[in-house]
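Have a look at my_file-v4.cif; it's mmCIF, C-alpha atoms and all ligand atoms:
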```
data_run
#
loop_
_atom_site.label_atom_id
_atom_site.label_comp_id
_atom_site.auth_asym_id
_atom_site.auth_seq_id
_atom_site.Cartn_x
_atom_site.Cartn_y
_atom_site.Cartn_z
CA MET A 1474 3.83 22.41 -38.18
CA SER A 1475 4.34 23.12 -34.50
CA ARG A 1476 5.98 20.55 -32.30
CA GLU A 1477 3.87 18.18 -30.26
CA LYS A 1478 3.91 18.80 -26.53
CA LEU A 1479 4.17 16.15 -23.77
CA VAL A 1480 3.92 16.49 -20.00
CA LEU A 1481 6.52 14.24 -18.40
CA ALA A 1482 6.40 12.89 -14.84
CA TYR A 1483 9.81 14.11 -13.74
CA SER A 1484 11.58 12.75 -10.67
CA GLY A 1485 14.94 14.39 -11.26
CA GLY A 1486 16.65 11.02 -11.57
CA LEU A 1487 18.72 9.69 -14.44
CA ASP A 1488 15.93 8.03 -16.46
CA THR A 1489 13.64 11.03 -16.57
CA SER A 1490 16.48 13.52 -17.07
CA VAL A 1491 17.70 11.57 -20.07
CA ALA A 1492 14.06 11.28 -21.17
CA ILE A 1493 13.66 15.07 -21.40
CA ARG A 1494 16.57 15.33 -23.78
CA TRP A 1495 15.65 12.21 -25.72
CA LEU A 1496 12.04 13.37 -26.23
CA LYS A 1497 13.32 16.72 -27.37
CA ASP A 1498 15.47 14.97 -29.96
CA GLN A 1499 12.38 13.07 -31.11
CA GLY A 1500 10.76 16.40 -31.86
CA TYR A 1501 8.65 16.96 -28.75
CA GLU A 1502 8.37 19.95 -26.47
CA VAL A 1503 8.61 18.65 -22.93
CA VAL A 1504 6.87 20.09 -19.88
CA ALA A 1505 8.20 18.57 -16.66
CA LEU A 1506 5.91 17.84 -13.72
CA THR A 1507 7.27 16.86 -10.33
CA ILE A 1508 4.83 15.88 -7.61
CA ASP A 1509 5.61 15.92 -3.93
CA LEU A 1510 3.97 12.95 -2.22
CA GLY A 1511 6.08 13.35 0.89
CA GLU A 1512 9.38 12.00 -0.29
CA ASN A 1513 11.29 14.88 1.28
CA LYS A 1514 13.68 15.74 -1.49
CA ASP A 1515 14.87 19.14 -2.67
CA LEU A 1516 12.25 19.98 -5.26
CA ASP A 1517 13.65 23.39 -6.21
CA THR A 1518 16.78 21.67 -7.44
CA VAL A 1519 14.70 19.13 -9.35
CA GLN A 1520 12.68 21.89 -10.99
CA GLN A 1521 15.84 23.76 -12.00
CA ARG A 1522 17.37 20.59 -13.38
CA ALA A 1523 14.34 19.98 -15.62
CA LEU A 1524 14.84 23.36 -17.29
CA GLN A 1525 18.58 22.91 -17.47
CA VAL A 1526 18.17 19.59 -19.27
CA GLY A 1527 15.79 21.05 -21.82
CA ALA A 1528 12.20 21.22 -20.58
CA VAL A 1529 10.20 24.21 -21.90
CA ALA A 1530 8.49 24.51 -18.51
CA ALA A 1531 8.74 22.82 -15.13
CA TYR A 1532 6.06 22.45 -12.47
CA VAL A 1533 6.35 21.29 -8.89
CA VAL A 1534 3.08 20.38 -7.18
CA ASP A 1535 2.42 19.45 -3.57
CA GLY A 1536 0.23 16.37 -3.82
CA LYS A 1537 0.34 15.24 -0.21
CA VAL A 1538 -3.18 16.25 0.77
CA PRO A 1539 -5.02 14.75 -2.24
CA PHE A 1540 -2.78 11.69 -2.01
CA LEU A 1541 -3.95 10.88 1.50
CA ARG A 1542 -7.52 12.10 1.12
CA ASP A 1543 -8.40 10.58 -2.24
CA PHE A 1544 -6.18 7.51 -2.51
CA VAL A 1545 -4.65 6.39 0.78
CA TRP A 1546 -7.65 6.90 3.05
CA PRO A 1547 -10.08 4.87 0.92
CA SER A 1548 -7.49 2.10 0.81
CA LEU A 1549 -7.06 2.26 4.58
CA GLN A 1550 -10.82 2.02 5.09
CA THR A 1551 -10.81 -0.98 2.78
CA GLY A 1552 -7.96 -2.59 4.70
CA ALA A 1553 -5.99 -3.27 1.53
CA LEU A 1554 -2.73 -5.21 1.57
CA TYR A 1555 -1.44 -6.72 -1.67
CA GLU A 1556 -0.69 -10.41 -1.17
CA LYS A 1557 -1.31 -9.84 2.55
CA GLU A 1558 1.93 -7.86 2.83
CA TYR A 1559 2.29 -4.70 0.78
CA PRO A 1560 0.29 -1.59 1.74
CA LEU A 1561 0.51 -0.32 -1.85
CA ALA A 1562 2.37 2.97 -1.38
CA THR A 1563 3.73 3.22 -4.93
CA ALA A 1564 0.61 1.71 -6.46
CA LEU A 1565 -1.58 4.36 -4.80
CA GLY A 1566 0.69 7.22 -5.83
CA ARG A 1567 0.71 6.45 -9.56
CA PRO A 1568 -2.95 7.17 -10.36
CA LEU A 1569 -2.68 10.55 -8.64
CA ILE A 1570 0.46 11.40 -10.60
CA ALA A 1571 -1.32 10.33 -13.79
CA ALA A 1572 -4.33 12.50 -12.92
CA MET A 1573 -2.11 15.52 -12.37
CA LEU A 1574 -0.24 14.85 -15.62
CA VAL A 1575 -3.57 14.81 -17.43
CA GLN A 1576 -4.70 18.03 -15.79
CA ILE A 1577 -1.47 19.85 -16.65
CA ALA A 1578 -1.59 18.41 -20.18
CA ARG A 1579 -5.02 19.96 -20.65
CA ARG A 1580 -3.86 23.32 -19.33
CA GLU A 1581 -0.81 23.27 -21.53
CA GLY A 1582 -2.72 22.08 -24.57
CA ALA A 1583 -0.39 19.09 -24.74
CA GLN A 1584 -1.04 16.07 -26.95
CA GLY A 1585 0.11 13.52 -24.44
CA ILE A 1586 1.91 12.55 -21.27
CA ALA A 1587 5.18 10.73 -20.74
CA HIS A 1588 6.69 8.67 -17.95
CA GLY A 1589 10.03 7.04 -17.23
CA CYS A 1590 8.81 3.52 -16.42
CA THR A 1591 10.43 0.40 -17.81
CA GLY A 1592 8.57 -2.32 -19.63
CA LYS A 1593 9.21 -4.79 -16.81
CA GLY A 1594 7.29 -3.15 -14.01
CA ASN A 1595 3.84 -2.36 -12.70
CA ASP A 1596 4.18 1.39 -12.78
CA GLN A 1597 3.91 1.64 -16.58
CA VAL A 1598 0.60 -0.20 -16.40
CA ARG A 1599 -0.70 2.18 -13.76
CA PHE A 1600 0.24 5.30 -15.72
CA ASP A 1601 -1.00 3.99 -19.05
CA ILE A 1602 -4.36 2.74 -17.80
CA ALA A 1603 -5.03 5.75 -15.55
CA THR A 1604 -4.38 8.04 -18.50
CA ALA A 1605 -6.64 5.97 -20.75
CA ALA A 1606 -9.37 6.17 -18.11
CA LEU A 1607 -9.16 9.92 -17.55
CA ALA A 1608 -8.16 11.21 -20.96
CA PRO A 1609 -8.39 8.59 -23.71
CA GLU A 1610 -7.52 11.26 -26.28
CA LEU A 1611 -4.02 11.73 -24.85
CA LYS A 1612 -1.13 9.65 -26.04
CA VAL A 1613 1.36 8.08 -23.64
CA VAL A 1614 5.05 8.01 -24.47
CA ALA A 1615 7.38 5.87 -22.38
CA PRO A 1616 10.95 6.54 -23.60
CA VAL A 1617 12.56 3.83 -21.46
CA ARG A 1618 10.38 1.24 -23.20
CA GLU A 1619 11.53 2.52 -26.57
CA TRP A 1620 15.11 3.64 -26.48
CA GLY A 1621 16.79 0.31 -25.76
CA MET A 1622 19.57 1.84 -23.67
CA SER A 1623 21.17 0.00 -20.78
CA ARG A 1624 22.00 1.79 -17.56
CA ASP A 1625 25.55 2.38 -18.81
CA ASP A 1626 24.30 3.61 -22.19
CA GLU A 1627 22.14 6.12 -20.35
CA ILE A 1628 25.05 7.39 -18.29
CA GLU A 1629 27.11 7.72 -21.47
CA TYR A 1630 24.21 9.52 -23.18
CA ALA A 1631 23.93 11.87 -20.19
CA ARG A 1632 27.67 12.67 -20.31
CA GLN A 1633 27.54 13.37 -24.04
CA HIS A 1634 24.59 15.72 -23.66
CA GLY A 1635 25.80 17.52 -20.56
CA ILE A 1636 23.05 16.08 -18.39
CA PRO A 1637 24.11 16.04 -14.73
CA VAL A 1638 24.17 12.47 -13.45
CA PRO A 1639 22.43 12.42 -10.05
CA ALA A 1640 24.48 11.39 -7.03
CA SER A 1641 21.86 8.79 -6.10
CA LEU A 1642 23.31 6.69 -8.91
CA GLU A 1643 26.05 5.54 -6.58
CA SER A 1644 23.40 3.54 -4.76
CA PRO A 1645 22.76 0.14 -6.32
CA TYR A 1646 19.11 0.30 -5.20
CA SER A 1647 16.00 1.54 -6.92
CA VAL A 1648 13.89 3.43 -4.43
CA ASP A 1649 10.44 4.95 -4.55
CA ALA A 1650 8.99 6.75 -1.55
CA ASN A 1651 5.91 8.63 -0.49
CA LEU A 1652 4.00 9.20 2.76
CA TRP A 1653 2.52 5.71 2.68
CA GLY A 1654 5.83 3.90 2.38
CA ARG A 1655 9.25 3.44 0.89
CA SER A 1656 10.09 0.64 -1.55
CA ILE A 1657 13.58 -0.62 -2.25
CA GLU A 1658 14.57 -3.04 -4.98
CA ALA A 1659 17.58 -4.16 -7.05
CA GLY A 1660 21.23 -4.61 -6.02
CA VAL A 1661 21.87 -7.49 -3.65
CA LEU A 1662 18.13 -7.65 -2.94
CA GLU A 1663 17.69 -9.44 -6.26
CA ASP A 1664 18.99 -12.55 -4.49
CA PRO A 1665 15.94 -13.64 -2.47
CA TRP A 1666 18.16 -15.72 -0.19
CA ALA A 1667 20.30 -12.71 0.78
CA GLU A 1668 19.27 -10.92 3.94
CA PRO A 1669 18.73 -7.21 3.24
CA PRO A 1670 21.81 -5.25 4.34
CA ALA A 1671 21.27 -2.58 6.99
CA GLU A 1672 21.93 0.20 4.47
CA VAL A 1673 18.66 -0.35 2.58
CA TYR A 1674 16.65 0.93 5.52
CA GLU A 1675 16.22 4.66 6.04
CA TRP A 1676 12.97 5.06 7.93
CA THR A 1677 13.20 2.23 10.43
CA VAL A 1678 15.77 1.10 12.96
CA ASP A 1679 16.82 -2.51 13.30
CA PRO A 1680 14.26 -3.98 15.74
CA ALA A 1681 17.13 -5.41 17.80
CA GLN A 1682 18.41 -1.86 18.28
CA ALA A 1683 15.00 -0.41 19.15
CA PRO A 1684 14.40 1.13 22.60
CA GLU A 1685 14.01 -1.22 25.55
CA ALA A 1686 10.89 0.63 26.69
CA PRO A 1687 7.72 0.15 24.65
CA ALA A 1688 5.81 3.14 23.31
CA TYR A 1689 2.05 3.51 23.23
CA VAL A 1690 0.07 5.43 20.64
CA GLU A 1691 -3.64 6.06 20.81
CA LEU A 1692 -5.45 6.59 17.52
CA SER A 1693 -8.97 7.98 17.24
CA PHE A 1694 -11.05 7.16 14.17
CA GLN A 1695 -14.18 8.73 12.75
CA ASP A 1696 -16.01 6.73 10.05
CA GLY A 1697 -12.93 4.59 9.54
CA LEU A 1698 -10.51 7.49 9.18
CA PRO A 1699 -7.89 8.58 11.70
CA VAL A 1700 -8.58 12.01 13.16
CA ALA A 1701 -6.51 12.24 16.33
CA LEU A 1702 -3.28 10.98 17.80
CA ASP A 1703 -3.00 10.61 21.57
CA GLY A 1704 -6.17 12.61 22.01
CA ARG A 1705 -4.94 15.53 19.91
CA ARG A 1706 -6.72 16.22 16.60
CA THR A 1707 -4.21 16.41 13.79
CA ASN A 1708 -4.35 16.79 10.02
CA ALA A 1709 -3.73 13.79 7.82
CA VAL A 1710 -0.22 14.66 6.66
CA GLU A 1711 1.04 15.41 10.14
CA LEU A 1712 -0.54 12.26 11.52
CA VAL A 1713 1.11 10.03 8.92
CA GLU A 1714 4.48 11.75 9.29
CA THR A 1715 4.36 11.36 13.07
CA LEU A 1716 3.46 7.68 12.85
CA ASN A 1717 6.25 7.08 10.34
CA ARG A 1718 8.67 8.63 12.80
CA ILE A 1719 7.47 6.86 15.97
CA GLY A 1720 6.99 3.56 14.19
CA GLY A 1721 10.41 3.86 12.59
CA GLU A 1722 12.07 4.54 15.94
CA HIS A 1723 10.66 1.24 17.19
CA GLY A 1724 11.55 -0.71 14.05
CA VAL A 1725 7.93 -1.23 13.03
CA GLY A 1726 6.91 -1.58 9.39
CA ARG A 1727 9.73 -3.48 7.71
CA ILE A 1728 8.43 -5.81 5.01
CA ASP A 1729 10.32 -8.31 2.89
CA HIS A 1730 7.95 -9.33 0.12
CA LEU A 1731 8.53 -11.81 -2.68
CA GLU A 1732 5.79 -10.43 -4.84
CA ASN A 1733 3.97 -11.22 -8.07
CA ARG A 1734 4.12 -8.35 -10.53
CA LEU A 1735 1.27 -7.94 -12.95
CA VAL A 1736 3.56 -8.70 -15.89
CA GLY A 1737 4.24 -12.20 -14.54
CA ILE A 1738 7.64 -11.56 -13.02
CA LYS A 1739 8.33 -12.47 -9.41
CA SER A 1740 10.25 -9.76 -7.65
CA ARG A 1741 11.79 -9.26 -4.23
CA GLU A 1742 10.81 -5.96 -2.64
CA ILE A 1743 11.71 -4.42 0.66
CA TYR A 1744 9.27 -1.93 2.09
CA GLU A 1745 9.35 0.43 5.02
CA ALA A 1746 5.86 1.51 5.92
CA PRO A 1747 5.51 2.25 9.63
CA ALA A 1748 2.51 4.60 9.45
CA ALA A 1749 0.68 2.41 6.96
CA MET A 1750 1.13 -0.76 9.02
CA LEU A 1751 0.15 0.95 12.29
CA LEU A 1752 -2.94 2.56 10.79
CA LEU A 1753 -4.06 -0.62 9.04
CA GLN A 1754 -3.64 -2.57 12.26
CA ALA A 1755 -5.51 -0.03 14.36
CA HIS A 1756 -8.28 0.28 11.80
CA GLN A 1757 -8.66 -3.50 11.71
CA ALA A 1758 -8.87 -3.58 15.50
CA LEU A 1759 -11.68 -1.05 15.42
CA GLU A 1760 -13.55 -2.99 12.74
CA ASP A 1761 -13.17 -6.13 14.86
CA ILE A 1762 -15.25 -4.50 17.55
CA THR A 1763 -17.75 -2.60 15.37
CA LEU A 1764 -18.50 -4.59 12.20
CA PRO A 1765 -21.10 -7.37 12.16
CA LYS A 1766 -19.58 -10.79 11.50
CA ASP A 1767 -20.92 -11.25 7.97
CA VAL A 1768 -19.95 -7.73 6.92
CA ALA A 1769 -16.42 -8.27 8.24
CA ARG A 1770 -16.05 -11.58 6.41
CA PHE A 1771 -17.32 -10.22 3.12
CA LYS A 1772 -15.23 -7.08 3.46
CA ASP A 1773 -12.10 -9.25 3.57
CA VAL A 1774 -12.96 -10.52 0.11
CA VAL A 1775 -13.50 -6.96 -1.09
CA ALA A 1776 -10.17 -5.88 0.38
CA GLN A 1777 -8.32 -8.59 -1.52
CA GLN A 1778 -10.01 -7.70 -4.78
CA TRP A 1779 -9.31 -4.01 -4.16
CA ALA A 1780 -5.63 -4.60 -3.43
CA GLN A 1781 -5.23 -6.64 -6.59
CA MET A 1782 -6.94 -4.04 -8.73
CA VAL A 1783 -4.97 -1.13 -7.30
CA TYR A 1784 -1.76 -3.07 -7.71
CA ASP A 1785 -2.69 -3.94 -11.28
CA GLY A 1786 -3.30 -0.33 -12.27
CA LEU A 1787 -7.09 -0.34 -12.17
CA TRP A 1788 -7.64 2.48 -9.66
CA PHE A 1789 -9.78 4.38 -12.13
CA SER A 1790 -12.25 1.65 -13.01
CA PRO A 1791 -15.96 1.00 -12.56
CA LEU A 1792 -15.44 -1.97 -10.23
CA ARG A 1793 -13.00 -0.18 -7.91
CA GLU A 1794 -15.46 2.70 -7.58
CA ALA A 1795 -18.32 0.30 -6.88
CA LEU A 1796 -16.26 -1.53 -4.25
CA TYR A 1797 -15.67 1.77 -2.54
CA ALA A 1798 -19.40 2.42 -2.34
CA PHE A 1799 -19.64 -0.81 -0.33
CA VAL A 1800 -16.62 0.01 1.82
CA ALA A 1801 -17.81 3.54 2.60
CA HIS A 1802 -21.16 2.18 3.76
CA THR A 1803 -19.44 -0.22 6.16
CA GLN A 1804 -17.46 2.57 7.80
CA ARG A 1805 -20.38 4.51 9.34
CA HIS A 1806 -19.89 2.96 12.75
CA VAL A 1807 -16.11 2.48 12.62
CA SER A 1808 -15.45 5.29 15.06
CA GLY A 1809 -13.60 4.98 18.31
CA GLU A 1810 -10.16 4.54 19.85
CA VAL A 1811 -7.37 2.04 19.49
CA ARG A 1812 -4.27 1.85 21.63
CA LEU A 1813 -1.19 0.30 20.06
CA LYS A 1814 1.93 -0.86 21.82
CA LEU A 1815 5.16 -0.58 19.83
CA TYR A 1816 8.02 -2.74 20.92
CA LYS A 1817 11.12 -3.89 19.07
CA GLY A 1818 9.77 -4.10 15.57
CA HIS A 1819 6.33 -5.25 16.56
CA ALA A 1820 3.06 -3.46 17.18
CA SER A 1821 0.25 -5.04 19.14
CA VAL A 1822 -3.23 -3.88 19.97
CA ALA A 1823 -3.34 -3.01 23.65
CA GLY A 1824 -6.97 -1.88 23.67
CA ARG A 1825 -9.92 -0.81 21.56
CA LYS A 1826 -13.26 0.83 22.30
CA ALA A 1827 -16.08 2.37 20.31
CA PRO A 1828 -19.30 4.18 21.23
CA GLU A 1829 -21.25 1.87 18.92
CA GLN A 1830 -19.30 -1.29 19.51
CA LEU A 1831 -21.05 -4.62 19.00
CA TYR A 1832 -18.95 -6.21 21.70
CA ARG A 1833 -21.07 -6.70 24.83
CA MET A 1834 -19.42 -7.72 28.03
CA GLU A 1835 -22.61 -9.21 29.46
CA LEU A 1836 -22.87 -11.55 26.44
CA ALA A 1837 -19.23 -12.48 26.17
CA THR A 1838 -18.46 -13.03 29.82
CA TYR A 1839 -17.91 -16.46 31.33
CA GLY A 1840 -18.53 -14.88 34.69
CA ARG A 1841 -22.07 -14.31 35.82
CA GLY A 1842 -24.31 -14.43 32.76
CA ASP A 1843 -27.98 -13.90 33.19
CA GLU A 1844 -29.05 -12.51 29.86
CA PHE A 1845 -27.78 -15.33 27.69
CA ASP A 1846 -30.04 -18.36 27.31
CA GLN A 1847 -27.62 -21.29 27.59
CA ALA A 1848 -30.28 -23.92 26.97
CA ALA A 1849 -31.16 -22.33 23.60
CA ALA A 1850 -27.66 -23.18 22.36
CA ALA A 1851 -28.47 -26.92 22.10
CA GLY A 1852 -31.44 -26.36 19.79
CA PHE A 1853 -29.50 -23.88 17.70
CA ILE A 1854 -26.64 -26.32 17.19
CA LYS A 1855 -29.04 -29.15 16.37
CA LEU A 1856 -30.44 -27.18 13.45
CA PHE A 1857 -27.09 -25.69 12.46
CA GLY A 1858 -25.57 -29.18 12.23
CA MET A 1859 -28.59 -30.80 10.58
CA GLY A 1860 -26.97 -30.97 7.16
CA VAL A 1861 -23.90 -32.76 8.42
CA ARG A 1862 -25.98 -35.24 10.44
CA THR A 1863 -28.18 -36.00 7.44
CA ALA A 1864 -25.23 -36.49 5.09
CA SER A 1865 -23.57 -38.82 7.58
CA GLU A 1866 -26.72 -40.88 8.04
CA VAL A 1867 -27.45 -41.15 4.31
CA GLN A 1868 -24.02 -41.24 2.70
CA GLY A 1869 -21.87 -42.70 5.42
CA LYS A 1870 -19.04 -41.23 7.40
CA LEU A 1871 -17.91 -37.91 6.03
CA SER A 1872 -14.29 -37.91 6.98
CA SER A 1873 -11.28 -39.49 5.34
CA LEU A 1874 -9.74 -39.62 8.78
CA ASP A 1875 -9.05 -43.28 9.72
CA LEU A 1876 -10.23 -43.59 13.30
CA GLU A 1877 -8.56 -47.01 13.55
CA LYS A 1878 -5.13 -45.45 13.16
CA LEU A 1879 -5.74 -42.56 15.47
CA LEU A 1880 -4.82 -44.11 18.82
CA PRO A 1881 -1.42 -45.58 19.68
CA ALA A 1882 -1.30 -49.39 19.44
CA ASP A 1883 0.01 -49.73 22.99
CA LEU A 1884 -2.71 -47.64 24.58
CA LYS A 1885 -2.78 -48.41 28.29
CA ARG A 1886 -6.12 -48.92 29.97
CA LEU A 1887 -6.00 -48.55 33.71
CA THR A 1888 -8.65 -50.04 36.00
CA PRO A 1889 -9.03 -49.51 39.77
N1 LIG B 1 6.76 -3.30 -6.45
C1 LIG B 1 6.12 -2.13 -5.95
C2 LIG B 1 4.91 -1.81 -6.77
O1 LIG B 1 4.79 -2.29 -7.86
C3 LIG B 1 7.08 -0.96 -5.84
C4 LIG B 1 7.50 -0.38 -7.14
C5 LIG B 1 8.51 0.67 -6.93
N2 LIG B 1 8.67 1.43 -8.10
C6 LIG B 1 9.83 1.96 -8.48
N3 LIG B 1 9.83 2.64 -9.58
N4 LIG B 1 10.95 1.78 -7.80
O2 LIG B 1 4.05 -1.10 -6.33
#
```
Show how you would write the structure in this file as C-alpha cells.
Ligand code: ARG
Amino acid sequence: MSREKLVLAYSGGLDTSVAIRWLKDQGYEVVALTIDLGENKDLDTVQQRALQVGAVAAYVVDGKVPFLRDFVWPSLQTGALYEKEYPLATALGRPLIAAMLVQIARREGAQGIAHGCTGKGNDQVRFDIATAALAPELKVVAPVREWGMSRDDEIEYARQHGIPVPASLESPYSVDANLWGRSIEAGVLEDPWAEPPAEVYEWTVDPAQAPEAPAYVELSFQDGLPVALDGRRTNAVELVETLNRIGGEHGVGRIDHLENRLVGIKSREIYEAPAAMLLLQAHQALEDITLPKDVARFKDVVAQQWAQMVYDGLWFSPLREALYAFVAHTQRHVSGEVRLKLYKGHASVAGRKAPEQLYRMELATYGRGDEFDQAAAAGFIKLFGMGVRTASEVQGKLSSLDLEKLLPADLKRLTP
C-alpha cells in the first residue's frame, strides 16, 4: 500500500521542521507549503530547509494579494476589532492558509493537511474548522497536539535527526506576522504586570522617541476600501506596507491586549499593527459622515459578532458570509477622503469629507439657521418622551436617585 500524503503548513521554524520528520516516521509523505503573507523572511531558505528535513516537495506561494483582497478588506469594511483591541491579523491569515493547503492537497492527491499548532491556542481551531468547511473529506493531522514533546525534547529530537535548529530560537518570544500585524507572546510577556521590554517591538518606535513633528496622511476610500494615499492611487499591498512604515515611525499601532482565547485561556498578547489601526480609524471616520444613524449603530453589533467569529475560527461559515452581505451593502456610499494626523504614538482624525456625506453644515450649524424648524423640536420631544412621562405618572418616579441626598446640607441661599 502506498504511503498517505499530507500537505503541511510549513513556516521553517522548529515545530514544523520537526513535524516534517516526525510525520515521515509515522509513515506519511509530507509536502511542505509556505505562504508569504508579507512577513518578509527569506522564503528560498525555508523552501530548501523543507526538502533538507525530508519533505517530498516544497511549495512557496505569495498570498499577499488574496490575503488583503479576500480576508483583510472585508474585515476592514466591517470595522472588526476583537474585544475592541485586536485587528485580527493572525486570525485572518489562517483561513487563507487553510484554503491554500486544501487546494494543494487536491492537486497533490493528498489525503489530508497538517499544521504545527498546539492544543492551547486559537490557530488549531481556525485550521481545523476551515479545512472541515472547505474539504470535509480531508483529514487534519496536528503533530504538536500528539507528540507530547516539550520545547527541549523537540530541540533534542532535532539534534538527533540532523534538523537545523533555527536561530530564532534564541528569542524567548513566539511571533507571528503578516501585512495586517505582528503578534508577540511568551517570555516575560506572560507576566501581565510586566511592561513589555523594548526588544519585543520591531515595527514601531517607542512613542516617546517618535519625531517631534507630526505627519499627515490622506486616505481615499471607494466603497469602504482604500484606493489612494496622499492623492496617489496605489495597490493594496503597497498601501498597507507604506502605512505600516509611516505609522511605525510615529509609534502608532502598539497594542497590549489581555485577551480571551476561544479555548478558555486568558493570554497576554502584544501586537504591532500600524496600517491596520490607521485604516480602521480612517474608515470609521468616513462611516461617521456617510452612514445613517441606525445603520451605523446596527453595524457596530455586526462588527462585534464578526470579530468574534473570525477569532473563533468561523471565517468559512454561513453566518459570516451573510454578515458580509449586510456589510457590503452598507459600503456603497462610504467613499471619500480622510486626513489623519500621526503624532507620538497617536493618530487622530484631522478631517473627513465625502461626495455623498450625510453631514449638512446648514443643519448642524449653531450660526445662522434658516432651514431648521426649531419650534418643531418641542413637539417631537413631547412624543419621543411620552413613554417616560406615562410611566412616571402611573408607576411613580422612575429613578433610584435620592433627590433628598443630592444637594449639600449647608447649601447657601443668597438674597438681595
Ligand atoms: N492571539 C492571537 C490570535 O489568536 C495571535 C496568535 C499568534 N499565533 C502564533 N502562532 N504565535 O489571533
Exercise. Can you pull out every residue within 12 Å of region 1814-1825 of chain A, counting only C-alpha atoms, but drop anything in the same chain fewer than 6 positions away, and send it as a PyMOL selection string?
Key: chain A and resi 1677-1694+1716+1719-1728+1745-1748+1750-1763+1807-1808+1832
Quiz item: How far is it from CA of Leu1652 (chain A) to CA of Tyr1555 (chain A), in Å with one decimal?
Solution: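 According to the coordinates, CA of Leu1652 (chain A) and CA of Tyr1555 (chain A) are separated by 17.4 Å.
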Practice problem: Output the neighbourhood of ligand LIG 1 (chain B) as a PyMOL selection string, that is, all protein and nucleic acid residues with some atom at most 10 Å from the ligand, counting all atoms listed in the file. | Solution: chain A and resi 1555+1559-1567+1589-1591+1594-1599+1646-1650+1654-1659+1730-1735+1739-1744+1783-1786
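Counting only C-alpha atoms, the residue from A:Pro1637, A:His1802, A:Gly1552, A:Leu1479 that sits nearest to Arg1522 (chain A) is A:Pro1637.
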Self-check item: Option closest in space to Lys1766 (chain A), from A:Pro1539, A:Ile1602, A:Leu1831, A:Leu1796 [counting all atoms listed in the file]
Solution: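 When distances to Lys1766 (chain A) are compared using all atoms listed in the file, the smallest one comes from A:Leu1831.
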Exercise. Would you list the contacts of Ser1644 (chain A) as a VMD selection string, taking every protein, DNA or RNA residue within 10 Å and counting only C-alpha atoms, but skipping same-chain residues closer than 6 positions in sequence?
Key: chain A and resid 1659 to 1660 1672 to 1673
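Across A:Arg1833, A:Val1774, A:Gln1781, A:Asp1488, the tightest approach to Phe1845 (chain A) is made by A:Arg1833 when counting only C-alpha atoms.
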Quiz item: CA of Pro1670 (chain A) and CA of Ser1623 (chain A) are how many Å apart?
Solution: 25.7 Å
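Each of A:Lys1514, A:Ile1636, A:Leu1702, A:Ala1528 was checked against Leu1496 (chain A) using all atoms listed in the file; the smallest atom-to-atom distance is that of A:Ala1528.
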Quiz item: region 1792-1794 of chain A: which residues within 9 Å, counting only C-alpha atoms, same-chain residues fewer than 2 positions away excluded, as JSON, numbers by chain?
Solution: {"A": [1778, 1779, 1782, 1783, 1787, 1788, 1789, 1790, 1796, 1797, 1798]}
Practice problem: May I ask which of the residues A:Lys1593, A:Val1538, A:Tyr1501, A:Gly1485 is the closest one to Gln1521 (chain A), counting only C-alpha atoms? | Solution: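 Residue with the minimum atom-to-atom distance to Gln1521 (chain A): A:Gly1485.
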Quiz item: Contacts of Met1622 (chain A) at 12 Å or less, counting all atoms listed in the file, minus same-chain residues fewer than 3 places along, as a ChimeraX atom specification?
Solution: /A:1488,1491-1492,1495,1591,1616-1619,1625-1631
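One distance worth recording is that between CA of Gly1621 (chain A) and CA of His1588 (chain A), which is 15.3 Å.
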Quiz prompt | Of the listed residues A:Tyr1839, A:Gly1585, A:Pro1828, A:Ala1769, that which approaches Phe1799 (chain A) most closely, counting only C-alpha atoms | solution = A:Ala1769
Quiz item: Hey, what's within 10 Å of Asp1509 (chain A) if we count only C-alpha atoms and toss same-chain stuff fewer than 5 positions away? As an NGL selection string, please?
Solution: :A and (1484 or 1514-1516 or 1533-1538 or 1540 or 1570 or 1651-1652)
